[in-house]
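Source file: work10.csv. Holds: CSV, C-alpha atoms.
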```
chain,number,residue,atom,x,y,z
A,209,MET,CA,77.6,108.7,133.0
A,210,ALA,CA,77.7,111.0,135.9
A,211,VAL,CA,79.8,114.0,136.2
A,212,VAL,CA,82.6,113.5,138.7
A,213,LEU,CA,84.0,116.5,140.6
A,214,ALA,CA,87.4,114.9,141.3
A,215,ALA,CA,90.8,114.5,139.7
A,216,SER,CA,94.2,113.1,140.3
A,217,ALA,CA,97.2,115.2,141.3
A,218,ALA,CA,98.8,114.6,137.9
A,219,ALA,CA,97.6,113.5,134.5
A,220,LEU,CA,99.4,112.7,131.3
A,221,GLU,CA,96.7,112.5,128.5
A,222,ASN,CA,92.9,112.7,128.3
A,223,ASP,CA,90.4,110.4,126.7
A,224,PRO,CA,88.0,112.5,124.6
A,225,TYR,CA,85.8,109.6,123.6
A,226,THR,CA,84.6,108.0,126.8
A,227,GLY,CA,81.7,109.9,128.3
A,228,ARG,CA,81.6,112.3,125.3
A,229,PRO,CA,77.8,112.6,125.2
A,230,VAL,CA,77.8,114.3,128.7
A,231,ASP,CA,76.8,117.9,128.6
A,232,LEU,CA,79.2,120.0,130.8
A,233,ALA,CA,78.6,123.6,131.8
A,234,ASP,CA,81.0,125.9,130.0
A,235,SER,CA,83.9,127.2,132.1
A,236,LEU,CA,84.9,130.1,129.9
A,237,ALA,CA,83.8,132.9,132.2
A,238,LEU,CA,85.4,131.3,135.3
A,239,LEU,CA,88.7,130.7,133.5
A,240,ASP,CA,88.7,134.2,132.0
A,241,GLY,CA,88.1,135.7,135.4
A,242,ARG,CA,90.9,133.7,136.9
A,243,VAL,CA,93.5,134.9,134.3
A,244,ASN,CA,92.3,138.5,134.2
A,245,ALA,CA,92.6,138.7,138.0
A,246,VAL,CA,96.2,137.5,137.8
A,247,LEU,CA,97.0,140.0,135.0
A,248,ASP,CA,95.5,142.9,137.0
A,249,ASP,CA,97.4,141.9,140.2
A,250,VAL,CA,100.7,141.6,138.4
A,251,ALA,CA,100.2,145.0,136.7
A,252,ALA,CA,99.1,146.7,139.9
A,253,SER,CA,102.1,145.5,141.8
A,254,TRP,CA,104.7,146.3,139.1
A,255,ASP,CA,107.6,148.1,140.5
A,256,ALA,CA,110.4,147.4,138.0
A,257,GLU,CA,111.5,148.9,134.7
A,258,PRO,CA,109.5,148.1,131.6
A,259,ASP,CA,110.5,144.6,130.7
A,260,GLU,CA,108.3,142.4,128.6
A,261,TRP,CA,110.0,139.1,129.5
A,262,ALA,CA,110.0,140.0,133.2
A,263,PHE,CA,106.2,140.6,133.0
A,264,VAL,CA,105.6,137.3,131.2
A,265,ASP,CA,107.7,135.6,133.9
A,266,ALA,CA,105.7,137.3,136.7
A,267,VAL,CA,102.4,136.1,135.1
A,268,TYR,CA,103.8,132.6,134.7
A,269,GLN,CA,104.9,132.5,138.4
A,270,ARG,CA,101.2,133.1,139.3
A,271,VAL,CA,99.6,130.6,137.0
A,272,GLY,CA,102.4,128.1,136.1
A,273,SER,CA,104.7,125.9,138.1
A,274,ALA,CA,108.1,124.3,138.0
A,275,HIS,CA,106.4,121.0,139.0
A,276,TRP,CA,104.4,118.6,136.9
A,277,VAL,CA,101.0,120.4,137.1
A,278,ASP,CA,100.6,124.2,136.7
A,279,LYS,CA,98.8,126.2,139.3
A,280,LEU,CA,95.9,127.1,137.0
A,281,GLU,CA,95.7,123.6,135.7
A,282,ARG,CA,95.5,122.2,139.2
A,283,TRP,CA,92.7,124.7,140.0
A,284,ALA,CA,90.8,123.6,137.0
A,285,MET,CA,91.2,120.0,138.1
A,286,HIS,CA,90.0,120.5,141.6
A,287,SER,CA,87.9,123.7,142.0
A,288,PRO,CA,84.2,123.0,142.8
A,289,ALA,CA,83.3,126.0,140.7
A,290,LEU,CA,84.0,124.1,137.5
A,291,GLU,CA,82.0,121.2,136.2
A,292,ARG,CA,84.1,118.5,134.7
A,293,LEU,CA,84.1,114.8,133.8
A,294,ALA,CA,86.7,112.5,135.4
A,295,VAL,CA,86.6,109.0,134.0
A,296,PRO,CA,88.3,106.2,135.9
A,297,LEU,CA,91.4,104.9,134.1
A,298,ASP,CA,89.9,101.4,133.6
A,299,GLU,CA,86.9,102.8,131.8
A,300,THR,CA,88.9,104.8,129.3
A,301,MET,CA,90.6,103.6,126.2
A,302,PHE,CA,93.9,103.8,128.1
A,303,GLY,CA,92.8,100.9,130.3
A,304,ALA,CA,92.6,98.7,127.2
A,305,PHE,CA,96.0,99.7,125.8
A,306,PRO,CA,98.8,97.1,125.9
A,307,LEU,CA,101.3,98.2,128.6
A,308,ALA,CA,104.4,97.7,126.5
A,309,ALA,CA,103.1,100.2,123.9
A,310,ALA,CA,101.1,102.6,126.1
A,311,ARG,CA,103.8,103.1,128.7
A,312,LEU,CA,102.7,105.9,131.1
A,313,SER,CA,99.3,106.5,129.5
A,314,LYS,CA,98.2,103.1,131.0
A,315,LEU,CA,99.6,103.9,134.5
A,316,VAL,CA,98.7,107.6,135.0
A,317,PRO,CA,95.1,108.7,135.5
A,318,PRO,CA,93.8,110.7,132.5
A,319,ALA,CA,93.1,114.4,132.8
A,320,PRO,CA,89.4,115.3,133.5
A,321,LEU,CA,87.5,117.0,130.7
A,322,ILE,CA,86.0,120.4,130.9
A,323,ARG,CA,84.1,122.6,128.3
A,324,VAL,CA,85.6,125.9,127.4
A,325,HIS,CA,84.1,128.2,124.7
A,326,GLY,CA,82.0,125.3,123.6
A,327,VAL,CA,85.0,123.0,123.2
A,328,LEU,CA,85.5,119.7,125.1
A,329,LEU,CA,89.2,119.6,126.3
A,330,GLY,CA,91.3,118.0,128.9
A,331,THR,CA,92.6,120.1,131.8
A,332,ASP,CA,96.1,119.1,130.7
A,333,LYS,CA,95.6,121.6,127.8
A,334,ILE,CA,95.7,124.5,130.3
A,335,GLY,CA,99.2,123.3,131.4
A,336,HIS,CA,100.3,123.1,127.8
A,337,PHE,CA,99.0,126.6,127.1
A,338,ILE,CA,100.8,128.0,130.2
A,339,SER,CA,104.1,126.2,130.4
A,340,GLN,CA,104.9,125.1,126.8
A,341,GLY,CA,103.5,128.3,125.5
A,342,ARG,CA,106.0,130.2,127.6
A,343,LYS,CA,108.9,128.1,126.4
A,344,TYR,CA,107.8,128.7,122.8
A,345,TYR,CA,107.6,132.5,123.5
A,346,ARG,CA,111.0,132.5,125.1
A,347,ARG,CA,112.7,130.8,122.2
A,348,HIS,CA,110.7,132.7,119.6
A,349,ARG,CA,112.6,135.9,120.4
A,350,THR,CA,115.8,134.4,118.9
A,351,TRP,CA,114.5,131.8,116.4
A,352,ARG,CA,114.2,131.9,112.7
A,353,ARG,CA,110.8,131.1,111.1
A,354,GLY,CA,110.3,127.4,111.3
A,355,ASP,CA,112.3,126.7,114.4
A,356,MET,CA,109.1,126.6,116.5
A,357,THR,CA,107.9,123.6,114.5
A,358,THR,CA,111.2,121.8,115.1
A,359,TYR,CA,111.1,122.4,118.8
A,360,GLY,CA,107.4,121.7,119.3
A,361,ALA,CA,107.4,118.4,117.3
A,362,ALA,CA,110.8,117.0,118.4
A,363,ALA,CA,111.3,118.3,121.9
A,364,ALA,CA,108.0,119.1,123.5
A,365,GLU,CA,105.7,116.4,122.3
A,366,SER,CA,107.3,113.4,120.5
A,367,VAL,CA,110.3,113.1,122.7
A,368,PHE,CA,108.9,113.8,126.2
A,369,PHE,CA,105.3,114.7,126.6
A,370,GLY,CA,103.9,112.3,124.0
A,371,GLY,CA,105.7,109.7,122.0
A,372,MET,CA,108.3,108.5,124.4
A,373,LEU,CA,106.1,108.3,127.5
A,374,ALA,CA,102.7,107.4,126.1
A,375,GLY,CA,103.0,106.2,122.5
A,376,ILE,CA,100.8,109.1,121.5
A,377,TYR,CA,101.6,112.2,119.5
A,378,SER,CA,98.9,114.7,120.5
A,379,ASN,CA,98.0,117.3,117.8
A,380,ALA,CA,95.7,119.0,120.3
A,381,ASP,CA,98.6,119.5,122.7
A,382,MET,CA,100.6,121.2,119.8
A,383,VAL,CA,97.7,123.6,119.2
A,384,ALA,CA,97.5,124.5,122.9
A,385,ASN,CA,101.2,125.0,123.0
A,386,TYR,CA,101.1,127.4,120.1
A,387,GLU,CA,98.1,129.3,121.4
A,388,GLY,CA,100.0,129.7,124.7
A,389,PHE,CA,102.8,131.3,122.8
A,390,ARG,CA,100.3,133.7,121.1
A,391,PHE,CA,98.9,134.6,124.5
A,392,TYR,CA,102.3,135.6,126.0
A,393,ARG,CA,103.1,137.5,122.8
A,394,SER,CA,99.7,139.3,122.9
A,395,LEU,CA,100.5,140.7,126.3
A,396,PHE,CA,102.4,143.5,124.6
A,397,HIS,CA,102.1,142.9,120.9
A,398,GLY,CA,99.0,143.9,118.9
A,399,GLY,CA,98.0,141.4,116.2
A,400,ALA,CA,99.4,138.4,118.0
A,401,VAL,CA,95.7,137.6,118.3
A,402,ALA,CA,94.2,138.5,115.0
A,403,GLY,CA,92.3,141.8,115.0
A,404,ARG,CA,93.1,142.5,118.6
A,405,THR,CA,95.3,145.1,120.3
A,406,ALA,CA,97.9,144.1,122.9
A,407,ILE,CA,96.5,143.4,126.3
A,408,PHE,CA,98.9,145.9,127.9
A,409,ARG,CA,101.0,148.9,126.9
A,410,TRP,CA,103.7,150.6,128.8
A,411,GLN,CA,102.9,154.1,130.1
A,412,SER,CA,105.3,156.0,132.2
A,413,GLY,CA,107.1,152.8,133.0
A,414,ARG,CA,104.0,150.9,134.1
A,415,PRO,CA,101.8,148.3,132.4
A,416,VAL,CA,98.4,149.7,131.5
A,417,ARG,CA,95.6,147.4,130.6
A,418,GLN,CA,94.0,148.0,127.1
A,419,ARG,CA,91.6,145.0,126.9
A,420,ALA,CA,90.6,141.9,128.8
A,421,PHE,CA,92.1,138.5,128.1
A,422,SER,CA,89.7,135.7,127.0
A,423,TRP,CA,90.3,132.0,126.3
A,424,ALA,CA,87.8,132.5,123.5
A,425,ASP,CA,90.6,134.2,121.5
A,426,HIS,CA,92.6,131.0,121.7
A,427,VAL,CA,90.4,127.9,122.3
A,428,ASN,CA,88.9,126.3,119.2
A,429,PRO,CA,87.8,122.7,118.2
A,430,LEU,CA,91.4,121.7,117.4
A,431,TRP,CA,92.0,121.6,121.2
A,432,ASP,CA,89.6,118.6,121.3
A,433,GLU,CA,91.6,115.4,120.9
A,434,ALA,CA,88.6,113.7,119.3
A,435,LEU,CA,88.2,116.4,116.6
A,436,ASN,CA,91.9,116.8,116.2
A,437,PRO,CA,93.0,113.2,116.5
A,438,SER,CA,96.3,112.2,117.9
A,439,VAL,CA,98.8,109.9,116.1
A,440,TYR,CA,99.0,106.6,118.0
A,441,ALA,CA,101.6,103.9,118.0
A,442,ALA,CA,100.5,101.0,115.9
A,443,PRO,CA,99.6,98.6,118.8
A,444,LEU,CA,97.3,101.3,120.2
A,445,LEU,CA,95.4,102.1,117.1
A,446,PRO,CA,92.9,99.2,117.2
A,447,VAL,CA,91.8,100.2,120.7
A,448,VAL,CA,91.2,103.8,119.6
A,449,GLU,CA,89.2,102.6,116.6
A,450,GLN,CA,87.0,100.5,118.8
A,451,ARG,CA,86.5,103.4,121.2
A,452,LEU,CA,85.4,105.5,118.3
A,453,LEU,CA,82.8,103.0,117.3
A,454,ARG,CA,81.1,103.3,120.7
A,455,LEU,CA,80.1,106.8,119.6
A,456,CYS,CA,77.8,105.6,116.8
A,457,ASP,CA,74.5,106.2,118.6
A,458,ASP,CA,75.6,109.7,119.8
A,459,PHE,CA,76.9,110.5,116.3
A,460,HIS,CA,73.5,109.7,114.8
A,461,ARG,CA,71.7,111.8,117.4
A,462,ARG,CA,74.0,114.8,117.3
A,463,PRO,CA,76.2,114.7,114.2
A,464,GLU,CA,77.0,118.5,114.6
A,465,ARG,CA,79.2,117.6,117.5
A,466,TYR,CA,81.6,115.9,115.2
A,467,ARG,CA,81.8,118.6,112.4
A,468,VAL,CA,84.8,120.9,112.2
A,469,ASP,CA,85.8,123.4,109.6
A,470,TYR,CA,89.3,122.0,109.2
A,471,GLU,CA,90.0,124.2,106.1
A,472,ALA,CA,89.5,127.3,108.2
A,473,LEU,CA,91.4,126.2,111.3
A,474,LEU,CA,94.4,124.1,110.2
A,475,PRO,CA,96.2,126.8,108.2
A,476,ARG,CA,96.6,128.8,111.5
A,477,TYR,CA,99.0,126.1,112.7
A,478,GLY,CA,101.5,125.6,109.9
A,479,ASP,CA,104.3,126.3,112.4
A,480,ALA,CA,102.8,124.3,115.2
A,481,GLY,CA,104.1,120.8,114.4
A,482,ILE,CA,100.7,119.2,113.8
A,483,ARG,CA,100.7,115.8,112.1
A,484,PHE,CA,97.1,115.9,111.1
A,485,ASN,CA,95.6,112.4,111.4
A,486,GLU,CA,92.9,112.4,108.7
A,487,ALA,CA,92.2,108.7,109.1
A,488,LEU,CA,90.7,109.2,112.6
A,489,VAL,CA,88.7,112.4,111.9
A,490,PRO,CA,85.5,111.3,113.6
A,491,SER,CA,82.9,112.7,111.2
A,492,ALA,CA,84.3,110.7,108.3
A,493,PHE,CA,85.3,107.7,110.3
A,494,LEU,CA,81.9,107.3,112.0
A,495,ALA,CA,79.9,108.1,108.8
A,496,GLU,CA,81.7,105.3,107.0
A,497,ARG,CA,81.6,102.7,109.8
A,498,CYS,CA,78.5,103.3,111.9
A,499,PRO,CA,75.4,101.3,111.0
A,500,THR,CA,72.4,103.5,110.1
A,501,THR,CA,69.8,101.1,111.7
A,502,GLY,CA,68.4,102.6,114.8
A,503,ALA,CA,69.5,106.1,114.0
A,504,GLU,CA,67.0,108.7,115.2
```
Take the structure I supplied and represent it as structure tokens, if you would.
Amino acid sequence: MAVVLAASAAALENDPYTGRPVDLADSLALLDGRVNAVLDDVAASWDAEPDEWAFVDAVYQRVGSAHWVDKLERWAMHSPALERLAVPLDETMFGAFPLAAARLSKLVPPAPLIRVHGVLLGTDKIGHFISQGRKYYRRHRTWRRGDMTTYGAAAAESVFFGGMLAGIYSNADMVANYEGFRFYRSLFHGGAVAGRTAIFRWQSGRPVRQRAFSWADHVNPLWDEALNPSVYAAPLLPVVEQRLLRLCDDFHRRPERYRVDYEALLPRYGDAGIRFNEALVPSAFLAERCPTTGAE
């Protein structure tokens, strides 16, 4: 399947199964550079009193949006600098979903896929990181422990972004949301990213950079909706299972692409509202169901 450098203006979900064997160039350095340039510009133009929330909001105004697609997400969808895979809707699993159950996921083109820090993810995850992460951060300042889980699961995903509109509860979205919260907190709080100092500190009333931002501090295989499977409405599940079985040949050729150290990663997201879908974990699902004849 050819890599397509095109995308729709808005996208609801992404299909991590169709076209999965395609090798995409890693966009980590490009995305790092984009965010660091914004951080430097916001800091250089700072002319207000030290105010952590005001700084967070200034960064958001540069990379986020009040509309459906954030600025940085839109750039990732359209910039010729990034290599991405845009699969036509009728070739994805969404095209085979029954309309009554799939709702908007059958009507809205899926997000294109990019590779970041070795992880295959939809450009929609950038929007989750930026916009939902900021909402988590804003509420975190007054919440008790555990409130984040309630908001993420009930409000951000199952009610609006996932279950109501698409019949899909995306665990990968929940991880991206949570990592966005960690990013905003890490702007001025050391330890928000494990083992890392804050990105900025206040000095004489001005934000002073201490280290560079990197998506590598936040992106991991749980951003990949194939490796961190979503929870699907019952009418959608058979379609997803059939789509998984199309990966058998690639699974036999490159089984390492389907292995994740879940024991190391999942404990990080106890507050993130994940509903881990063990039944669709591809390494076990494919090992059990794929015929071994013809394997290389």
Review point. Region 415-429 of chain A: which residues within 8 Å, counting only C-alpha atoms, same-chain residues fewer than 3 positions away excluded, as a PyMOL selection string?
Key: chain A and resi 236+239-240+243-244+248+251+254+258+324-325+327-328+384+387+391+401+405-411+432+435-436+468
Exercise for review: Pick out the residues sitting within 10 Å of Ile322 (chain A), and hand them over as an MDAnalysis selection string; count only C-alpha atoms, and ignore anything fewer than 3 positions along from it in its own chain.
Suggested key: chainID A and resid 231:236 284:285 290:294 319 326:331
Review point. Nearest to Leu445 (chain A) among A:Gly272, A:Gly388, A:Phe305, A:Asp458, with distances taken over all atoms listed in the file: which residue is it?
Key: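 When distances to Leu445 (chain A) are compared using all atoms listed in the file, the smallest one comes from A:Phe305.
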Point to revise | Val246 (chain A) surroundings by all atoms listed in the file, 8 Å radius, close-in-sequence under 6 positions cut, as a PyMOL selection string | key: chain A and resi 267+270-271
Review point. Nearest to Arg467 (chain A) among A:Leu297, A:Ala380, A:Ala256, A:Val489, with distances taken over only C-alpha atoms: which residue is it?
Key: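 With only C-alpha atoms as the atom set, the closest residue is A:Val489.
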Point to revise | Local residues around (100.4, 125.1, 133.6), at most 7 Å away, using only C-alpha atoms, as JSON, numbers by chain | key: {"A": [271, 272, 273, 277, 278, 279, 280, 281, 334, 335, 336, 337, 338, 339]}
Point to revise | Separation of CA of Lys333 (chain A) from CA of Tyr377 (chain A) in Å | key: 13.9 Å
Review point. Pick the closest to Ser438 (chain A) from A:Phe484, A:Phe396, A:Tyr268, A:Tyr344: which is it, counting all atoms listed in the file?
Key: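 Closest to Ser438 (chain A) of all the choices is A:Phe484.
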**Study point:** Between CA of Gly227 (chain A) and CA of Ala472 (chain A), distance in Å (one decimal)
**Key:** 27.7 Å
Study note, to complete from the structure: What separates CA of Tyr470 (chain A) and CA of Tyr225 (chain A) is a distance of 19.3 Å
Check your understanding: Nearest to Gly478 (chain A) among A:Ala237, A:Glu257, A:Glu299, A:Val383, with distances taken over all atoms listed in the file: which residue is it?
Key ->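 Residue with the minimum atom-to-atom distance to Gly478 (chain A): A:Val383.
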Exercise for review: Would you mind telling me which residue in A:Ser491, A:Glu260, A:Leu321, A:Gly241 lies nearest to Asp469 (chain A) when using only C-alpha atoms?
Suggested key: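 The closest residue to Asp469 (chain A) is A:Ser491.
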Practice item. Find, counting all atoms listed in the file, the residue in A:Thr500, A:Ser378, A:Asn385, A:Gln269 that gets nearest to Tyr440 (chain A). Key: A:Ser378
